[in-house]
$ cat query.txt   # compact mmCIF, C-alpha atoms
# COMPACT_ATOMS: atom_id res chain seq x y z
CA MET A 1 0.31 -10.43 -28.76
CA SER A 2 4.04 -11.15 -28.76
CA PRO A 3 4.91 -14.52 -27.20
CA GLY A 4 8.07 -12.90 -25.78
CA LEU A 5 6.24 -10.58 -23.40
CA VAL A 6 6.55 -11.23 -19.67
CA ARG A 7 3.26 -12.51 -18.29
CA ILE A 8 2.68 -11.14 -14.81
CA ASP A 9 2.20 -14.03 -12.37
CA ALA A 10 -1.17 -13.65 -10.64
CA LEU A 11 0.15 -15.74 -7.73
CA GLY A 12 3.03 -13.33 -7.15
CA ALA A 13 5.46 -16.20 -6.50
CA ASP A 14 8.57 -14.01 -7.00
CA PRO A 15 7.73 -10.50 -8.22
CA HIS A 16 11.22 -9.10 -7.57
CA ALA A 17 12.70 -11.68 -9.97
CA GLU A 18 9.85 -10.98 -12.41
CA ILE A 19 10.56 -7.23 -12.27
CA ALA A 20 14.25 -7.94 -12.96
CA ARG A 21 13.22 -9.90 -16.09
CA ILE A 22 10.99 -7.06 -17.23
CA ARG A 23 13.84 -4.58 -16.67
CA ARG A 24 15.97 -6.50 -19.17
CA ASP A 25 13.55 -5.27 -21.86
CA GLY A 26 14.07 -1.68 -20.72
CA PRO A 27 12.68 0.64 -18.03
CA VAL A 28 9.41 0.84 -20.00
CA ALA A 29 8.28 -2.45 -21.53
CA PRO A 30 5.01 -4.18 -22.48
CA VAL A 31 3.75 -7.00 -20.25
CA VAL A 32 0.64 -9.15 -20.06
CA LEU A 33 -1.62 -8.91 -17.01
CA PRO A 34 -3.97 -11.70 -15.89
CA GLY A 35 -6.90 -11.74 -18.29
CA GLY A 36 -4.62 -11.28 -21.30
CA ILE A 37 -4.55 -7.47 -21.02
CA VAL A 38 -1.37 -5.88 -22.39
CA VAL A 39 -0.06 -2.81 -20.54
CA TRP A 40 3.20 -0.90 -20.23
CA SER A 41 5.30 -1.88 -17.19
CA VAL A 42 7.49 0.94 -15.89
CA THR A 43 10.27 -0.23 -13.56
CA GLY A 44 12.82 2.62 -13.86
CA HIS A 45 12.96 5.22 -11.09
CA GLN A 46 13.35 8.25 -13.37
CA GLU A 47 10.73 7.03 -15.82
CA ILE A 48 8.17 6.46 -13.06
CA LYS A 49 8.91 9.87 -11.59
CA GLN A 50 8.47 11.47 -15.02
CA LEU A 51 5.11 9.80 -15.60
CA MET A 52 3.82 10.57 -12.10
CA ALA A 53 4.50 14.26 -12.68
CA ASP A 54 3.14 14.39 -16.25
CA PRO A 55 -0.33 15.98 -16.58
CA ARG A 56 -0.84 13.88 -19.72
CA VAL A 57 -1.10 10.78 -17.51
CA SER A 58 -4.51 9.99 -16.02
CA LYS A 59 -5.80 7.46 -13.50
CA ASP A 60 -9.40 7.72 -14.73
CA ALA A 61 -10.27 4.61 -16.74
CA GLU A 62 -13.78 5.93 -17.42
CA GLN A 63 -12.29 8.77 -19.45
CA HIS A 64 -8.97 7.54 -20.77
CA TRP A 65 -8.74 3.74 -21.11
CA PRO A 66 -10.54 2.47 -24.24
CA VAL A 67 -10.17 -1.17 -23.15
CA TRP A 68 -12.28 -0.41 -20.08
CA ILE A 69 -14.67 1.98 -21.84
CA ASN A 70 -15.40 -0.58 -24.57
CA GLY A 71 -16.05 -3.40 -22.10
CA ASP A 72 -13.06 -5.51 -23.19
CA VAL A 73 -12.03 -6.36 -19.62
CA PRO A 74 -13.11 -9.92 -18.68
CA ALA A 75 -15.81 -10.38 -16.02
CA GLY A 76 -14.42 -10.83 -12.53
CA TRP A 77 -11.06 -9.36 -13.47
CA PRO A 78 -9.04 -9.12 -10.20
CA LEU A 79 -8.15 -5.46 -10.80
CA SER A 80 -11.66 -4.26 -11.65
CA LEU A 81 -12.21 -2.64 -8.25
CA TRP A 82 -8.91 -0.78 -8.54
CA VAL A 83 -10.02 0.66 -11.87
CA SER A 84 -13.69 1.34 -11.14
CA VAL A 85 -13.59 3.15 -7.78
CA ARG A 86 -14.54 6.84 -7.86
CA SER A 87 -12.19 8.50 -5.39
CA MET A 88 -9.17 10.74 -5.70
CA ILE A 89 -6.98 7.71 -6.49
CA THR A 90 -8.70 7.37 -9.89
CA ALA A 91 -9.65 11.00 -10.49
CA TYR A 92 -8.08 13.31 -13.06
CA GLY A 93 -7.62 17.05 -13.34
CA GLU A 94 -10.09 19.26 -11.52
CA ASP A 95 -11.98 16.26 -10.06
CA HIS A 96 -8.75 15.06 -8.46
CA ARG A 97 -7.96 18.48 -6.99
CA ARG A 98 -11.47 18.72 -5.51
CA LEU A 99 -11.39 15.26 -3.95
CA ARG A 100 -7.85 15.60 -2.62
CA LYS A 101 -8.67 18.92 -0.97
CA LEU A 102 -11.68 17.40 0.81
CA THR A 103 -9.67 14.38 2.01
CA ALA A 104 -6.47 16.22 2.97
CA LYS A 105 -7.96 17.56 6.20
CA ALA A 106 -7.69 14.06 7.68
CA PHE A 107 -3.93 13.98 7.31
CA THR A 108 -2.67 17.33 8.57
CA ALA A 109 0.51 17.39 10.65
CA ARG A 110 -1.59 18.41 13.64
CA ARG A 111 -3.96 15.45 13.30
CA ILE A 112 -1.04 13.01 12.85
CA GLY A 113 0.56 14.45 16.00
CA GLU A 114 -2.69 14.00 17.91
CA LEU A 115 -2.84 10.36 16.82
CA ARG A 116 0.65 9.51 18.12
CA PRO A 117 -0.40 8.94 21.78
CA ARG A 118 -3.11 6.55 20.57
CA VAL A 119 -0.58 4.67 18.41
CA GLU A 120 1.76 4.40 21.40
CA GLU A 121 -1.11 3.16 23.57
CA PHE A 122 -2.26 0.56 21.03
CA THR A 123 1.32 -0.61 20.56
CA GLY A 124 1.86 -1.05 24.28
CA LEU A 125 -1.34 -3.08 24.66
CA LEU A 126 -0.39 -5.35 21.73
CA LEU A 127 3.08 -5.96 23.14
CA GLU A 128 1.64 -6.95 26.51
CA GLU A 129 -0.67 -9.41 24.77
CA LEU A 130 2.30 -10.86 22.89
CA ALA A 131 4.30 -11.17 26.11
CA ALA A 132 1.64 -13.55 27.44
CA ALA A 133 2.50 -16.13 24.77
CA PRO A 134 3.90 -19.40 26.19
CA GLN A 135 7.70 -19.53 26.49
CA GLY A 136 9.19 -21.01 23.33
CA ALA A 137 5.96 -20.80 21.31
CA ALA A 138 6.19 -19.28 17.86
CA VAL A 139 4.11 -16.12 17.37
CA ASP A 140 2.89 -14.92 13.97
CA MET A 141 4.11 -11.33 14.04
CA ARG A 142 2.08 -10.40 10.96
CA GLU A 143 -1.24 -11.63 12.33
CA ARG A 144 -0.68 -10.66 15.98
CA PHE A 145 1.08 -7.31 15.54
CA ALA A 146 1.63 -5.93 12.03
CA ALA A 147 -1.98 -6.50 10.95
CA VAL A 148 -3.61 -5.37 14.20
CA LEU A 149 -2.07 -1.97 14.91
CA PRO A 150 -2.84 -0.25 11.56
CA VAL A 151 -6.46 -1.38 11.47
CA GLN A 152 -7.03 -0.01 14.98
CA VAL A 153 -5.49 3.34 14.05
CA ILE A 154 -7.31 3.82 10.74
CA CYS A 155 -10.64 2.63 12.16
CA ASP A 156 -10.30 5.05 15.07
CA LEU A 157 -9.55 7.85 12.61
CA LEU A 158 -12.63 7.02 10.54
CA GLY A 159 -14.97 6.22 13.44
CA ILE A 160 -15.62 2.57 12.53
CA PRO A 161 -17.25 0.59 15.39
CA GLU A 162 -15.25 -2.24 16.98
CA GLY A 163 -17.74 -4.88 15.85
CA ALA A 164 -17.35 -4.02 12.16
CA ARG A 165 -13.56 -3.91 12.01
CA ARG A 166 -12.58 -7.54 11.55
CA ARG A 167 -15.00 -8.24 8.70
CA LEU A 168 -14.01 -5.04 6.94
CA GLN A 169 -10.34 -5.97 7.36
CA ASP A 170 -10.95 -9.36 5.73
CA THR A 171 -12.94 -8.05 2.75
CA ILE A 172 -10.46 -5.27 2.00
CA GLY A 173 -7.53 -7.67 2.34
CA LEU A 174 -9.05 -9.85 -0.38
CA THR A 175 -9.02 -6.93 -2.86
CA PHE A 176 -5.20 -6.94 -2.76
CA LEU A 177 -4.96 -10.60 -3.81
CA THR A 178 -4.72 -11.18 -7.54
CA ASP A 179 -5.21 -14.95 -7.75
CA VAL A 180 -8.91 -15.01 -6.87
CA ALA A 181 -11.73 -16.73 -8.76
CA PRO A 182 -13.97 -14.27 -10.70
CA GLY A 183 -17.07 -15.23 -8.72
CA ALA A 184 -15.27 -14.65 -5.42
CA VAL A 185 -14.10 -11.23 -6.63
CA GLU A 186 -17.66 -10.13 -7.47
CA GLN A 187 -19.10 -11.51 -4.22
CA ASN A 188 -16.40 -9.80 -2.14
CA VAL A 189 -16.93 -6.45 -3.86
CA GLY A 190 -20.67 -6.69 -3.17
CA GLU A 191 -20.10 -7.47 0.52
CA LEU A 192 -17.51 -4.71 0.81
CA TYR A 193 -19.80 -2.01 -0.58
CA ALA A 194 -22.70 -3.21 1.55
CA ALA A 195 -20.52 -2.84 4.66
CA LEU A 196 -19.21 0.59 3.63
CA ASN A 197 -22.67 1.95 2.85
CA ALA A 198 -23.90 0.66 6.21
CA LEU A 199 -21.02 2.49 7.94
CA VAL A 200 -21.85 5.73 6.14
CA ASP A 201 -25.55 5.36 7.07
CA LEU A 202 -24.57 4.73 10.70
CA ARG A 203 -22.38 7.82 10.88
CA ARG A 204 -25.02 9.94 9.16
CA ALA A 205 -27.52 8.88 11.84
CA THR A 206 -25.02 9.17 14.73
CA PRO A 207 -22.35 11.75 13.79
CA GLY A 208 -19.16 12.01 15.80
CA GLU A 209 -15.72 13.65 15.71
CA ASP A 210 -14.42 11.18 13.15
CA LEU A 211 -13.39 11.45 9.50
CA ILE A 212 -16.47 9.70 8.04
CA THR A 213 -18.67 12.31 9.74
CA CYS A 214 -16.43 15.03 8.28
CA LEU A 215 -16.71 13.55 4.77
CA ILE A 216 -20.50 13.22 5.12
CA ALA A 217 -20.67 16.92 5.96
CA ALA A 218 -18.76 17.69 2.77
CA ARG A 219 -21.26 15.53 0.87
CA ASP A 220 -24.43 16.89 2.48
CA GLU A 221 -23.55 20.59 2.77
CA GLU A 222 -21.70 21.15 -0.50
CA VAL A 223 -23.46 18.93 -2.98
CA GLU A 224 -22.08 20.72 -6.04
CA GLY A 225 -18.49 21.09 -4.86
CA GLY A 226 -18.43 18.26 -2.34
CA LEU A 227 -18.52 14.50 -2.60
CA THR A 228 -21.16 12.51 -4.42
CA GLN A 229 -22.46 9.50 -2.49
CA GLU A 230 -20.34 7.20 -4.67
CA GLU A 231 -17.24 9.34 -4.10
CA LEU A 232 -17.93 9.41 -0.36
CA VAL A 233 -18.08 5.62 -0.05
CA ASP A 234 -15.08 5.09 -2.33
CA THR A 235 -13.05 7.67 -0.41
CA VAL A 236 -13.72 5.75 2.80
CA LEU A 237 -12.60 2.57 0.98
CA LEU A 238 -9.43 4.31 -0.22
CA ILE A 239 -8.48 5.58 3.24
CA ILE A 240 -9.08 2.19 4.90
CA SER A 241 -7.26 0.14 2.26
CA ALA A 242 -4.30 2.51 1.85
CA GLY A 243 -3.99 3.11 5.58
CA TYR A 244 -4.18 -0.58 6.40
CA GLU A 245 -2.36 -2.74 3.84
CA THR A 246 0.55 -0.34 3.34
CA THR A 247 1.45 -0.21 7.03
CA VAL A 248 0.90 -3.93 7.61
CA ASN A 249 3.38 -4.81 4.87
CA LEU A 250 5.81 -2.10 5.98
CA LEU A 251 5.94 -3.52 9.52
CA ASP A 252 6.07 -7.10 8.22
CA HIS A 253 9.12 -6.42 6.03
CA ALA A 254 10.90 -4.13 8.50
CA VAL A 255 10.78 -6.80 11.22
CA HIS A 256 11.74 -9.55 8.79
CA ASN A 257 14.69 -7.63 7.33
CA LEU A 258 16.05 -6.67 10.74
CA LEU A 259 15.85 -10.26 11.99
CA ARG A 260 17.48 -11.57 8.81
CA HIS A 261 20.23 -8.95 9.09
CA PRO A 262 21.16 -8.60 12.77
CA GLU A 263 24.12 -6.41 11.83
CA GLN A 264 21.63 -3.81 10.57
CA LEU A 265 19.65 -3.99 13.82
CA ALA A 266 22.93 -3.51 15.71
CA LEU A 267 23.54 -0.26 13.79
CA VAL A 268 20.23 1.07 15.11
CA ARG A 269 20.87 -0.07 18.68
CA ASP A 270 24.35 1.50 18.57
CA GLY A 271 22.95 4.83 17.37
CA VAL A 272 24.61 4.67 13.94
CA ALA A 273 21.17 4.61 12.27
CA THR A 274 17.67 5.52 13.40
CA TRP A 275 14.31 3.77 13.31
CA GLY A 276 13.39 6.31 10.63
CA ASP A 277 16.29 4.98 8.54
CA VAL A 278 14.92 1.44 8.97
CA VAL A 279 11.52 2.58 7.73
CA GLU A 280 12.94 4.40 4.68
CA GLU A 281 15.22 1.53 3.67
CA THR A 282 12.32 -0.92 4.03
CA LEU A 283 10.13 1.33 1.88
CA ARG A 284 12.88 1.34 -0.75
CA CYS A 285 14.01 -2.29 -0.67
CA ASP A 286 10.70 -4.01 0.11
CA PRO A 287 7.87 -1.52 -0.53
CA PRO A 288 4.36 -2.51 0.55
CA GLY A 289 3.30 -2.78 -3.10
CA PHE A 290 5.07 -4.34 -6.08
CA HIS A 291 2.96 -2.62 -8.73
CA VAL A 292 0.32 0.13 -8.71
CA PRO A 293 -2.53 -0.31 -11.22
CA LEU A 294 -3.28 1.62 -13.40
CA ARG A 295 -2.51 4.87 -15.23
CA TYR A 296 -3.42 5.86 -18.82
CA ALA A 297 -1.79 8.03 -21.45
CA VAL A 298 -4.10 10.94 -22.35
CA GLU A 299 -1.96 11.56 -25.44
CA ASP A 300 1.19 10.04 -26.93
CA ILE A 301 4.06 10.28 -24.40
CA GLU A 302 7.75 9.55 -24.99
CA VAL A 303 9.37 7.98 -21.96
CA GLY A 304 12.30 5.61 -21.48
CA GLY A 305 13.04 5.49 -25.19
CA VAL A 306 9.55 4.35 -26.24
CA VAL A 307 6.28 6.06 -27.12
CA VAL A 308 3.33 5.19 -24.92
CA ALA A 309 0.33 5.79 -27.19
CA ALA A 310 -2.78 7.68 -26.12
CA GLY A 311 -5.18 5.25 -24.41
CA ASP A 312 -2.48 2.77 -23.39
CA ALA A 313 -2.52 1.54 -19.79
CA ILE A 314 0.55 1.91 -17.56
CA LEU A 315 1.56 -0.26 -14.59
CA VAL A 316 4.16 1.51 -12.43
CA SER A 317 6.36 -0.50 -10.09
CA PRO A 318 7.53 1.07 -6.81
CA ALA A 319 9.48 -2.14 -6.22
CA GLY A 320 11.23 -1.67 -9.55
CA ALA A 321 12.10 1.94 -8.72
CA GLY A 322 13.35 0.96 -5.27
CA ARG A 323 15.80 -1.58 -6.68
CA ASP A 324 16.78 0.35 -9.81
CA PRO A 325 20.57 -0.14 -10.13
CA GLU A 326 20.84 3.16 -12.02
CA VAL A 327 19.86 4.93 -8.79
CA HIS A 328 20.86 2.54 -5.99
CA GLY A 329 23.86 0.74 -7.49
CA GLN A 330 24.50 -2.89 -8.28
CA ASN A 331 23.76 -3.90 -4.67
CA ALA A 332 20.25 -2.41 -4.84
CA ASP A 333 18.76 -5.71 -3.66
CA ALA A 334 20.64 -5.50 -0.32
CA PHE A 335 19.03 -4.13 2.85
CA ASP A 336 21.29 -1.39 4.23
CA VAL A 337 19.91 1.14 6.74
CA THR A 338 22.89 3.45 6.12
CA ARG A 339 22.46 3.49 2.31
CA ALA A 340 22.86 7.04 1.01
CA THR A 341 19.82 6.64 -1.27
CA ARG A 342 17.49 5.04 1.27
CA ARG A 343 15.08 7.99 1.06
CA THR A 344 15.18 8.03 -2.74
CA HIS A 345 12.11 5.92 -3.41
CA LEU A 346 8.67 6.38 -4.93
CA THR A 347 6.77 4.10 -2.59
CA PHE A 348 4.35 6.85 -1.62
CA GLY A 349 4.12 8.21 -5.15
CA HIS A 350 5.17 11.57 -6.54
CA GLY A 351 3.43 14.68 -7.80
CA VAL A 352 -0.33 15.19 -7.50
CA HIS A 353 -0.96 11.60 -6.40
CA HIS A 354 1.61 11.58 -3.58
CA CYS A 355 0.06 9.63 -0.70
CA LEU A 356 -1.61 11.85 1.90
CA GLY A 357 -1.23 9.12 4.51
CA ALA A 358 2.57 8.79 4.18
CA PRO A 359 3.34 10.72 7.42
CA LEU A 360 0.87 8.55 9.35
CA ALA A 361 2.39 5.30 8.01
CA ARG A 362 5.91 6.48 8.85
CA MET A 363 4.91 7.55 12.35
CA GLU A 364 3.12 4.26 13.07
CA ALA A 365 6.08 2.22 11.85
CA VAL A 366 8.69 4.15 13.87
CA VAL A 367 6.61 3.95 17.08
CA ALA A 368 5.82 0.26 16.58
CA LEU A 369 9.34 -0.91 15.66
CA GLU A 370 11.10 1.00 18.43
CA ALA A 371 8.66 -0.33 21.05
CA LEU A 372 8.75 -3.90 19.71
CA PHE A 373 12.52 -4.30 19.77
CA ARG A 374 12.80 -2.55 23.13
CA ARG A 375 10.18 -4.85 24.68
CA PHE A 376 11.64 -8.01 23.11
CA PRO A 377 15.42 -7.53 22.74
CA ASP A 378 15.92 -11.26 21.97
CA LEU A 379 13.30 -11.35 19.20
CA ARG A 380 14.30 -13.75 16.42
CA LEU A 381 12.85 -15.72 13.53
CA ALA A 382 11.24 -19.00 14.52
CA GLU A 383 12.24 -20.70 11.26
CA PRO A 384 15.35 -18.81 10.06
CA GLU A 385 16.26 -21.34 7.37
CA LYS A 386 12.77 -21.55 5.89
CA PRO A 387 11.71 -19.04 3.20
CA LEU A 388 8.51 -17.21 4.06
CA ALA A 389 5.53 -17.72 1.78
CA PRO A 390 4.47 -14.49 0.02
CA LEU A 391 0.93 -13.21 -0.34
CA PRO A 392 -0.63 -14.52 -3.59
CA SER A 393 -0.50 -11.12 -5.26
CA PHE A 394 1.55 -9.11 -7.74
CA ILE A 395 0.26 -5.92 -6.09
CA SER A 396 0.63 -6.40 -2.33
CA ASN A 397 4.12 -7.21 -1.05
CA GLY A 398 3.87 -9.10 2.22
CA HIS A 399 4.10 -12.53 3.80
CA LEU A 400 1.31 -14.93 4.66
CA ARG A 401 2.95 -15.49 8.05
CA LEU A 402 5.93 -14.11 9.97
CA PRO A 403 6.63 -16.63 12.79
CA VAL A 404 9.00 -15.37 15.50
CA LEU A 405 10.24 -16.30 18.95
CA LEU A 406 9.93 -13.49 21.48
CA HIS A 407 12.35 -14.60 24.19
CA ALA A 408 15.83 -16.02 24.49
$ encode --input "query.txt" --output "structure tokens"
Amino acid sequence: MSPGLVRIDALGADPHAEIARIRRDGPVAPVVLPGGIVVWSVTGHQEIKQLMADPRVSKDAEQHWPVWINGDVPAGWPLSLWVSVRSMITAYGEDHRRLRKLTAKAFTARRIGELRPRVEEFTGLLLEELAAAPQGAAVDMRERFAAVLPVQVICDLLGIPEGARRRLQDTIGLTFLTDVAPGAVEQNVGELYAALNALVDLRRATPGEDLITCLIAARDEEVEGGLTQEELVDTVLLIISAGYETTVNLLDHAVHNLLRHPEQLALVRDGVATWGDVVEETLRCDPPGFHVPLRYAVEDIEVGGVVVAAGDAILVSPAGAGRDPEVHGQNADAFDVTRATRRTHLTFGHGVHHCLGAPLARMEAVVALEALFRRFPDLRLAEPEKPLAPLPSFISNGHLRLPVLLHA
């Protein structure tokens, strides 16, 4: 192992700076993950787009990553769950097409449209709760708003009972943290799967009009072409985790960036830009995830001036693509809601693995941001001079807290 390789910080103290260091070695460069595992980091927009569209790139470790197949990954590795799940996010070829087709019915334009009134209702209720905070008291906008709305929406979509939501939210949130003791990782995974299997059993016994019931029907009625039990549970996990963490971090960063840059908020209020522009620029500049683990070369692939050998693992960086100066210019780090390239990002993927839930996340964010800043026009940061502590993760891009003041 070369001593010159960038070692990815499990604590995620400053991933944007880390990505900039990696970029100095080229758009495709080797790095060391926690556990001493060497992978290719891809930070260039064009290179990521090429790999995401290449059929010679797989997300199935069971088939295409020798390090995993041979058992060379250390016990309690923080990314084990990301690699081992059996859903469309890790499927390849025909398996991926089958699983995506079965899941896609949850995210049709019609279903997203039907969810909008519920999102508006949830948002209104949350804002009224926030308004009851004592005058002058700081409110944690992440905990009280950004983290509450998405979990309500995705749990309603899936049919998860109210009493199970908070615990499920906590266990899934832990899977995005990459500085966790091995024993805690294994215990959390066990608790998570116990909760998910219990939810599936509940919905099998008491079916409803929800997505879990729909997925169970695909499992029970089409055993050969439908979902296996493992795929069913892991698909539920995928939908909850992707539908929750992504939108939480999107709202977190959108609010933070607008409060740090009041001139950008003024552009929206003056009609120069839209709330949709705010969402797209946030997705570009501060995407919900720094890195997406992992992909694997099925055969040798030339990309970014290097050859990624068959069996090598690939870590793509939406945050790297979003701040690629080759695409967004030398001021790529700046938040600008009128930027011409604000929609040119890969935050929701590209090609066959493009995120099915992207329209839902965008809709939630636009509804929530517009309502929030209309209800609290004097909203401001409670500690404007104090840097916000990031989540201890090189995957999830969010803050531990986002303290704000609601009133003038």
$ axis_aligned_box --input "query.txt" --around "region 291-296 of chain A" --padding-each-side "4 Å" --output "JSON"
{"center_x": -0.2, "center_y": 1.6, "center_z": -13.8, "size_x": 14.4, "size_y": 16.5, "size_z": 18.1}
$ residues_around --input "query.txt" --residues "Arg343 (chain A)" --least-positions-apart "3" --cutoff "8 Å" --atoms "all atoms listed in the file" --output "PyMOL selection string"
chain A and resi 280-281+284+340
$ closest_residue --input "query.txt" --among "A:Leu232, A:Gly36, A:Ala184, A:Leu157" --to "Asn197 (chain A)" --atoms "all atoms listed in the file"
A:Leu232
$ atom_distance --input "query.txt" --atom1 "CA of Ala368 (chain A)" --atom2 "CA of Ile212 (chain A)"
25.7 Å
$ residues_around --input "query.txt" --residues "Trp82 (chain A)" --least-positions-apart "6" --cutoff "9 Å" --atoms "all atoms listed in the file" --output "list in words"
Ile89, Thr90, Thr175, Pro293 and Leu294 of chain A
$ closest_residue --input "query.txt" --among "A:Pro161, A:Asp201, A:Ala131, A:Val298" --to "Glu62 (chain A)" --atoms "only C-alpha atoms"
A:Val298
$ atom_distance --input "query.txt" --atom1 "CA of Phe335 (chain A)" --atom2 "CA of Arg375 (chain A)"
23.6 Å
$ residues_near_point --input "query.txt" --point "(9.2, -0.9, -9.9)" --cutoff "8 Å" --atoms "all atoms listed in the file" --output "CSV table (one decimal) with C-alpha atoms, in the coordinates of the input"
chain,number,residue,atom,x,y,z
A,19,ILE,CA,10.6,-7.2,-12.3
A,42,VAL,CA,7.5,0.9,-15.9
A,43,THR,CA,10.3,-0.2,-13.6
A,44,GLY,CA,12.8,2.6,-13.9
A,45,HIS,CA,13.0,5.2,-11.1
A,290,PHE,CA,5.1,-4.3,-6.1
A,291,HIS,CA,3.0,-2.6,-8.7
A,316,VAL,CA,4.2,1.5,-12.4
A,317,SER,CA,6.4,-0.5,-10.1
A,318,PRO,CA,7.5,1.1,-6.8
A,319,ALA,CA,9.5,-2.1,-6.2
A,320,GLY,CA,11.2,-1.7,-9.6
A,321,ALA,CA,12.1,1.9,-8.7
A,322,GLY,CA,13.4,1.0,-5.3
A,323,ARG,CA,15.8,-1.6,-6.7
A,324,ASP,CA,16.8,0.4,-9.8
$ closest_residue --input "query.txt" --among "A:Thr206, A:Gln152, A:Asn257, A:Gln63" --to "Asp336 (chain A)" --atoms "only C-alpha atoms"
A:Asn257
$ build_atoms --input "query.txt" --residues "region 266-278 of chain A" --atoms "N, CA and C atoms" --output "PDB file, in the frame of the given file"
ATOM      1  N   ALA A 266      21.888  -3.985  14.801  1.00  0.00           N
ATOM      2  CA  ALA A 266      22.930  -3.510  15.710  1.00  0.00           C
ATOM      3  C   ALA A 266      23.290  -2.049  15.413  1.00  0.00           C
ATOM      4  N   LEU A 267      23.246  -1.654  14.149  1.00  0.00           N
ATOM      5  CA  LEU A 267      23.540  -0.260  13.790  1.00  0.00           C
ATOM      6  C   LEU A 267      22.520   0.686  14.432  1.00  0.00           C
ATOM      7  N   VAL A 268      21.269   0.244  14.498  1.00  0.00           N
ATOM      8  CA  VAL A 268      20.230   1.070  15.110  1.00  0.00           C
ATOM      9  C   VAL A 268      20.445   1.118  16.630  1.00  0.00           C
ATOM     10  N   ARG A 269      20.688  -0.006  17.226  1.00  0.00           N
ATOM     11  CA  ARG A 269      20.870  -0.070  18.680  1.00  0.00           C
ATOM     12  C   ARG A 269      22.119   0.700  19.128  1.00  0.00           C
ATOM     13  N   ASP A 270      23.121   0.777  18.236  1.00  0.00           N
ATOM     14  CA  ASP A 270      24.350   1.500  18.570  1.00  0.00           C
ATOM     15  C   ASP A 270      24.258   2.988  18.235  1.00  0.00           C
ATOM     16  N   GLY A 271      23.131   3.422  17.684  1.00  0.00           N
ATOM     17  CA  GLY A 271      22.950   4.830  17.370  1.00  0.00           C
ATOM     18  C   GLY A 271      23.551   5.280  16.050  1.00  0.00           C
ATOM     19  N   VAL A 272      24.053   4.330  15.251  1.00  0.00           N
ATOM     20  CA  VAL A 272      24.610   4.670  13.940  1.00  0.00           C
ATOM     21  C   VAL A 272      23.487   5.016  12.960  1.00  0.00           C
ATOM     22  N   ALA A 273      22.355   4.354  13.099  1.00  0.00           N
ATOM     23  CA  ALA A 273      21.170   4.610  12.270  1.00  0.00           C
ATOM     24  C   ALA A 273      19.966   4.775  13.182  1.00  0.00           C
ATOM     25  N   THR A 274      18.890   5.281  12.627  1.00  0.00           N
ATOM     26  CA  THR A 274      17.670   5.520  13.400  1.00  0.00           C
ATOM     27  C   THR A 274      16.561   4.586  12.941  1.00  0.00           C
ATOM     28  N   TRP A 275      15.473   4.547  13.734  1.00  0.00           N
ATOM     29  CA  TRP A 275      14.310   3.770  13.310  1.00  0.00           C
ATOM     30  C   TRP A 275      13.705   4.373  12.043  1.00  0.00           C
ATOM     31  N   GLY A 276      13.834   5.683  11.880  1.00  0.00           N
ATOM     32  CA  GLY A 276      13.390   6.310  10.630  1.00  0.00           C
ATOM     33  C   GLY A 276      14.169   5.790   9.444  1.00  0.00           C
ATOM     34  N   ASP A 277      15.479   5.554   9.621  1.00  0.00           N
ATOM     35  CA  ASP A 277      16.290   4.980   8.540  1.00  0.00           C
ATOM     36  C   ASP A 277      15.805   3.574   8.185  1.00  0.00           C
ATOM     37  N   VAL A 278      15.450   2.796   9.215  1.00  0.00           N
ATOM     38  CA  VAL A 278      14.920   1.440   8.970  1.00  0.00           C
ATOM     39  C   VAL A 278      13.661   1.523   8.120  1.00  0.00           C
TER      40      VAL A 278
END
